[in-house]
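Report on one structure; see the data block that follows.
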Amino acid sequence: MIHVIDAGNRHLYGAELEQHFRIRHQIYVGERKWMALERPDGREVDQFDNADATYLLAIENGRVIGGTRLVPTEGPHLMADVFPFLADVRGLQRGSDIVEWTRIFVVPERRGGDSKVLHTVMAAMFEHCLANDISAITVVMETWWMPRFLELGWEVRPLGLPTMIDGMNCVGTIITVSEEAYRRTLAFRDIEAPVILSRRGAKRAPGERRIQHG
Ligand code: COA
């Protein structure tokens, strides 16, 4: 199941969030060699890891095995603050019903083949957006994602022209949130809904008790 972690419950997920920052460093700096993100403390944290960020983490027996980050587009975010030229055809898309998607990852041993981890995290993103009246997701992505998203039946529209950035072919896009995209992402890997652990069943603070009904 996917855990949704935001300012309201992050005090319950200190260890898992910390683990996830370290995994991000191993993956983005160690593996992908995005050296601008290197930090001596081994935690990959940027200016968008603030109280407004929402993390969707796949956690299995206390181990983070995948995850991603959503950031509101009304405030500072990657496309607006760092790569605005990627939206110079259709313009930056901001709104209370639009979030920006960044930092999708799966730990190396759980990738590829018939692994469900990536598609479960992506389905969780749609599940979360549908439940929170979010109608679209913007993303700064490498262009190789495009055929993968189209294969899933997602509606993905470029906001600007593909551009080479540090040797990577990147494009700014907007993805429509829909029941159809959610359903097809689940079906692609035969994943059962819902994928997000409900807050009622999620972690509780020490001493906090589940309310019994009936
Ligand atoms: N460049 C080009 N294509 C890539 C790619 C990359 N860096 N990473 C994945 N792909 C494509 C390839 O087509 C790949 O198939 P191949 O290995 O036969 O070439 C396919 O995606 C499957 O990728 P894989 O890594 O085997 O498994 P996955 O689909 O379960 O996971 C990711 C995909 C991206 C989540 C995983 O590779 C990952 O965590 N990578 C590191 C983090 C990252 O780069 N995230 C994206 C930017 S935020």
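In the structure tokens, each chain is lettered A, B, ... as it comes, each chain's residues begin at 1, and ligands are numbered from 1 in order of appearance.
On the backbone of this structure, DSSP gives strand (DSSP E or B) within segment 95-165 of chain A to Ile98, Val99, Glu100, Trp101, Thr102, Arg103, Ile104, Phe105, Val106, Ala136, Ile137, Thr138, Val139, Val140, Met141, Glu142, Val156, Arg157, Pro158, Thr163, Met164 and Ile165 of chain A.
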Keeping only C-alpha atoms, take the residues you just selected and write them out as a PDB file, in the first residue's frame.
```
ATOM      1  CA  ILE A  98      -2.872  21.501 -10.466  1.00  0.00           C
ATOM      2  CA  VAL A  99       0.090  19.818  -8.769  1.00  0.00           C
ATOM      3  CA  GLU A 100       3.641  19.262  -9.949  1.00  0.00           C
ATOM      4  CA  TRP A 101       5.016  15.730  -9.984  1.00  0.00           C
ATOM      5  CA  THR A 102       8.747  15.142  -9.304  1.00  0.00           C
ATOM      6  CA  ARG A 103      11.181  12.515  -7.979  1.00  0.00           C
ATOM      7  CA  ILE A 104       9.563   9.268  -9.034  1.00  0.00           C
ATOM      8  CA  PHE A 105      11.754   6.302  -8.124  1.00  0.00           C
ATOM      9  CA  VAL A 106      11.759   2.573  -7.458  1.00  0.00           C
ATOM     10  CA  ALA A 136      -4.047  18.006 -13.709  1.00  0.00           C
ATOM     11  CA  ILE A 137      -0.416  17.199 -13.005  1.00  0.00           C
ATOM     12  CA  THR A 138       2.517  19.088 -14.511  1.00  0.00           C
ATOM     13  CA  VAL A 139       5.914  17.462 -14.857  1.00  0.00           C
ATOM     14  CA  VAL A 140       9.429  18.213 -16.053  1.00  0.00           C
ATOM     15  CA  MET A 141      10.372  14.872 -17.554  1.00  0.00           C
ATOM     16  CA  GLU A 142      12.813  13.145 -19.843  1.00  0.00           C
ATOM     17  CA  VAL A 156      -0.202  14.042 -21.850  1.00  0.00           C
ATOM     18  CA  ARG A 157       0.274  17.432 -23.531  1.00  0.00           C
ATOM     19  CA  PRO A 158       3.642  19.162 -24.001  1.00  0.00           C
ATOM     20  CA  THR A 163      15.202  20.715 -24.773  1.00  0.00           C
ATOM     21  CA  MET A 164      18.569  19.176 -23.932  1.00  0.00           C
ATOM     22  CA  ILE A 165      19.471  19.846 -20.290  1.00  0.00           C
TER      23      ILE A 165
END
```
Which residues of chain A come within 10 Å of ligand 1, and what is each one's closest atom pair and distance in Å (one decimal), counting only C-alpha atoms and all ligand atoms, sorted by chain and residue number, as JSON lines?
```
{"residue": "A:Ile23", "atom": "CA", "partner": "ligand 1", "partner_atom_place_in_ligand_line": "42 (C)", "distance": 10.0}
{"residue": "A:Arg24", "atom": "CA", "partner": "ligand 1", "partner_atom_place_in_ligand_line": "42 (C)", "distance": 8.0}
{"residue": "A:Gln26", "atom": "CA", "partner": "ligand 1", "partner_atom_place_in_ligand_line": "41 (C)", "distance": 9.5}
{"residue": "A:Ile27", "atom": "CA", "partner": "ligand 1", "partner_atom_place_in_ligand_line": "41 (C)", "distance": 5.7}
{"residue": "A:Tyr28", "atom": "CA", "partner": "ligand 1", "partner_atom_place_in_ligand_line": "42 (C)", "distance": 6.3}
{"residue": "A:Val29", "atom": "CA", "partner": "ligand 1", "partner_atom_place_in_ligand_line": "42 (C)", "distance": 9.9}
{"residue": "A:Glu31", "atom": "CA", "partner": "ligand 1", "partner_atom_place_in_ligand_line": "41 (C)", "distance": 7.3}
{"residue": "A:Arg32", "atom": "CA", "partner": "ligand 1", "partner_atom_place_in_ligand_line": "44 (O)", "distance": 6.4}
{"residue": "A:Lys33", "atom": "CA", "partner": "ligand 1", "partner_atom_place_in_ligand_line": "44 (O)", "distance": 9.9}
{"residue": "A:Trp34", "atom": "CA", "partner": "ligand 1", "partner_atom_place_in_ligand_line": "44 (O)", "distance": 9.7}
{"residue": "A:Ile65", "atom": "CA", "partner": "ligand 1", "partner_atom_place_in_ligand_line": "39 (O)", "distance": 9.5}
{"residue": "A:Gly66", "atom": "CA", "partner": "ligand 1", "partner_atom_place_in_ligand_line": "39 (O)", "distance": 7.5}
{"residue": "A:Gly67", "atom": "CA", "partner": "ligand 1", "partner_atom_place_in_ligand_line": "35 (C)", "distance": 8.7}
{"residue": "A:Thr68", "atom": "CA", "partner": "ligand 1", "partner_atom_place_in_ligand_line": "48 (S)", "distance": 8.2}
{"residue": "A:Arg69", "atom": "CA", "partner": "ligand 1", "partner_atom_place_in_ligand_line": "48 (S)", "distance": 9.5}
{"residue": "A:Trp101", "atom": "CA", "partner": "ligand 1", "partner_atom_place_in_ligand_line": "48 (S)", "distance": 8.8}
{"residue": "A:Thr102", "atom": "CA", "partner": "ligand 1", "partner_atom_place_in_ligand_line": "48 (S)", "distance": 5.7}
{"residue": "A:Arg103", "atom": "CA", "partner": "ligand 1", "partner_atom_place_in_ligand_line": "48 (S)", "distance": 4.0}
{"residue": "A:Ile104", "atom": "CA", "partner": "ligand 1", "partner_atom_place_in_ligand_line": "48 (S)", "distance": 4.7}
{"residue": "A:Phe105", "atom": "CA", "partner": "ligand 1", "partner_atom_place_in_ligand_line": "39 (O)", "distance": 3.4}
{"residue": "A:Val106", "atom": "CA", "partner": "ligand 1", "partner_atom_place_in_ligand_line": "39 (O)", "distance": 3.9}
{"residue": "A:Val107", "atom": "CA", "partner": "ligand 1", "partner_atom_place_in_ligand_line": "39 (O)", "distance": 5.9}
{"residue": "A:Pro108", "atom": "CA", "partner": "ligand 1", "partner_atom_place_in_ligand_line": "39 (O)", "distance": 6.7}
{"residue": "A:Glu109", "atom": "CA", "partner": "ligand 1", "partner_atom_place_in_ligand_line": "30 (O)", "distance": 9.2}
{"residue": "A:Arg110", "atom": "CA", "partner": "ligand 1", "partner_atom_place_in_ligand_line": "30 (O)", "distance": 6.7}
{"residue": "A:Arg111", "atom": "CA", "partner": "ligand 1", "partner_atom_place_in_ligand_line": "30 (O)", "distance": 3.5}
{"residue": "A:Gly112", "atom": "CA", "partner": "ligand 1", "partner_atom_place_in_ligand_line": "27 (O)", "distance": 3.5}
{"residue": "A:Gly113", "atom": "CA", "partner": "ligand 1", "partner_atom_place_in_ligand_line": "26 (O)", "distance": 6.9}
{"residue": "A:Asp114", "atom": "CA", "partner": "ligand 1", "partner_atom_place_in_ligand_line": "30 (O)", "distance": 8.1}
{"residue": "A:Ser115", "atom": "CA", "partner": "ligand 1", "partner_atom_place_in_ligand_line": "30 (O)", "distance": 6.2}
{"residue": "A:Lys116", "atom": "CA", "partner": "ligand 1", "partner_atom_place_in_ligand_line": "30 (O)", "distance": 7.5}
{"residue": "A:Val117", "atom": "CA", "partner": "ligand 1", "partner_atom_place_in_ligand_line": "30 (O)", "distance": 6.7}
{"residue": "A:Leu118", "atom": "CA", "partner": "ligand 1", "partner_atom_place_in_ligand_line": "30 (O)", "distance": 5.2}
{"residue": "A:His119", "atom": "CA", "partner": "ligand 1", "partner_atom_place_in_ligand_line": "30 (O)", "distance": 7.9}
{"residue": "A:Val121", "atom": "CA", "partner": "ligand 1", "partner_atom_place_in_ligand_line": "35 (C)", "distance": 9.4}
{"residue": "A:Met122", "atom": "CA", "partner": "ligand 1", "partner_atom_place_in_ligand_line": "35 (C)", "distance": 9.8}
{"residue": "A:Val139", "atom": "CA", "partner": "ligand 1", "partner_atom_place_in_ligand_line": "48 (S)", "distance": 9.5}
{"residue": "A:Val140", "atom": "CA", "partner": "ligand 1", "partner_atom_place_in_ligand_line": "48 (S)", "distance": 8.6}
{"residue": "A:Met141", "atom": "CA", "partner": "ligand 1", "partner_atom_place_in_ligand_line": "47 (C)", "distance": 6.7}
{"residue": "A:Glu142", "atom": "CA", "partner": "ligand 1", "partner_atom_place_in_ligand_line": "47 (C)", "distance": 7.2}
{"residue": "A:Thr143", "atom": "CA", "partner": "ligand 1", "partner_atom_place_in_ligand_line": "2 (C)", "distance": 8.5}
{"residue": "A:Trp144", "atom": "CA", "partner": "ligand 1", "partner_atom_place_in_ligand_line": "3 (N)", "distance": 5.6}
{"residue": "A:Trp145", "atom": "CA", "partner": "ligand 1", "partner_atom_place_in_ligand_line": "11 (C)", "distance": 7.2}
{"residue": "A:Pro147", "atom": "CA", "partner": "ligand 1", "partner_atom_place_in_ligand_line": "13 (O)", "distance": 9.2}
{"residue": "A:Arg148", "atom": "CA", "partner": "ligand 1", "partner_atom_place_in_ligand_line": "21 (O)", "distance": 7.6}
{"residue": "A:Met168", "atom": "CA", "partner": "ligand 1", "partner_atom_place_in_ligand_line": "1 (N)", "distance": 8.8}
{"residue": "A:Asn169", "atom": "CA", "partner": "ligand 1", "partner_atom_place_in_ligand_line": "1 (N)", "distance": 9.7}
```
For the residues in that selection, give me C-alpha atoms as a PDB file, in the first residue's frame.
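Listing of part07.pdb after writing:
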```
ATOM      1  CA  ILE A  23      17.469   6.522  -1.176  1.00  0.00           C
ATOM      2  CA  ARG A  24      16.917   9.578  -3.387  1.00  0.00           C
ATOM      3  CA  GLN A  26      21.719   6.951  -3.766  1.00  0.00           C
ATOM      4  CA  ILE A  27      19.529   6.953  -6.883  1.00  0.00           C
ATOM      5  CA  TYR A  28      19.779  10.496  -8.255  1.00  0.00           C
ATOM      6  CA  VAL A  29      23.405  11.209  -7.321  1.00  0.00           C
ATOM      7  CA  GLU A  31      23.076   6.076 -10.006  1.00  0.00           C
ATOM      8  CA  ARG A  32      21.788   8.835 -12.297  1.00  0.00           C
ATOM      9  CA  LYS A  33      24.827  11.075 -11.597  1.00  0.00           C
ATOM     10  CA  TRP A  34      22.776  14.265 -11.181  1.00  0.00           C
ATOM     11  CA  ILE A  65      10.779   0.635  -2.004  1.00  0.00           C
ATOM     12  CA  GLY A  66       9.440   3.439  -4.184  1.00  0.00           C
ATOM     13  CA  GLY A  67       7.889   6.847  -4.084  1.00  0.00           C
ATOM     14  CA  THR A  68       7.268  10.234  -5.532  1.00  0.00           C
ATOM     15  CA  ARG A  69       6.557  13.876  -4.594  1.00  0.00           C
ATOM     16  CA  TRP A 101       5.016  15.730  -9.984  1.00  0.00           C
ATOM     17  CA  THR A 102       8.747  15.142  -9.304  1.00  0.00           C
ATOM     18  CA  ARG A 103      11.181  12.515  -7.979  1.00  0.00           C
ATOM     19  CA  ILE A 104       9.563   9.268  -9.034  1.00  0.00           C
ATOM     20  CA  PHE A 105      11.754   6.302  -8.124  1.00  0.00           C
ATOM     21  CA  VAL A 106      11.759   2.573  -7.458  1.00  0.00           C
ATOM     22  CA  VAL A 107      14.655   0.924  -5.613  1.00  0.00           C
ATOM     23  CA  PRO A 108      16.802  -1.015  -8.125  1.00  0.00           C
ATOM     24  CA  GLU A 109      15.862  -4.486  -6.860  1.00  0.00           C
ATOM     25  CA  ARG A 110      12.146  -3.820  -7.374  1.00  0.00           C
ATOM     26  CA  ARG A 111      12.218  -2.464 -10.941  1.00  0.00           C
ATOM     27  CA  GLY A 112      11.319  -3.871 -14.343  1.00  0.00           C
ATOM     28  CA  GLY A 113       9.876  -7.239 -15.301  1.00  0.00           C
ATOM     29  CA  ASP A 114       6.434  -7.680 -13.813  1.00  0.00           C
ATOM     30  CA  SER A 115       7.131  -5.545 -10.725  1.00  0.00           C
ATOM     31  CA  LYS A 116       4.040  -3.609  -9.659  1.00  0.00           C
ATOM     32  CA  VAL A 117       5.856  -0.950  -7.641  1.00  0.00           C
ATOM     33  CA  LEU A 118       6.126   1.834 -10.246  1.00  0.00           C
ATOM     34  CA  HIS A 119       2.538   1.443 -11.446  1.00  0.00           C
ATOM     35  CA  VAL A 121       2.927   4.594  -7.081  1.00  0.00           C
ATOM     36  CA  MET A 122       1.573   6.141 -10.291  1.00  0.00           C
ATOM     37  CA  VAL A 139       5.914  17.462 -14.857  1.00  0.00           C
ATOM     38  CA  VAL A 140       9.429  18.213 -16.053  1.00  0.00           C
ATOM     39  CA  MET A 141      10.372  14.872 -17.554  1.00  0.00           C
ATOM     40  CA  GLU A 142      12.813  13.145 -19.843  1.00  0.00           C
ATOM     41  CA  THR A 143      11.160  12.474 -23.194  1.00  0.00           C
ATOM     42  CA  TRP A 144      11.543   8.673 -22.880  1.00  0.00           C
ATOM     43  CA  TRP A 145       8.630   8.721 -20.447  1.00  0.00           C
ATOM     44  CA  PRO A 147       5.679   6.554 -24.900  1.00  0.00           C
ATOM     45  CA  ARG A 148       5.391   4.872 -21.506  1.00  0.00           C
ATOM     46  CA  MET A 168      19.100  14.784 -21.050  1.00  0.00           C
ATOM     47  CA  ASN A 169      16.290  15.339 -23.496  1.00  0.00           C
TER      48      ASN A 169
END
```
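Pairwise distance (atom CA of Ile59 of chain A, atom CA of His3 of chain A) equals 7.3 Å.
Minimum distance to Leu56 of chain A across A:Glu44, A:Glu180, A:Glu127, A:Glu38 (counting only C-alpha atoms) occurs at A:Glu127.
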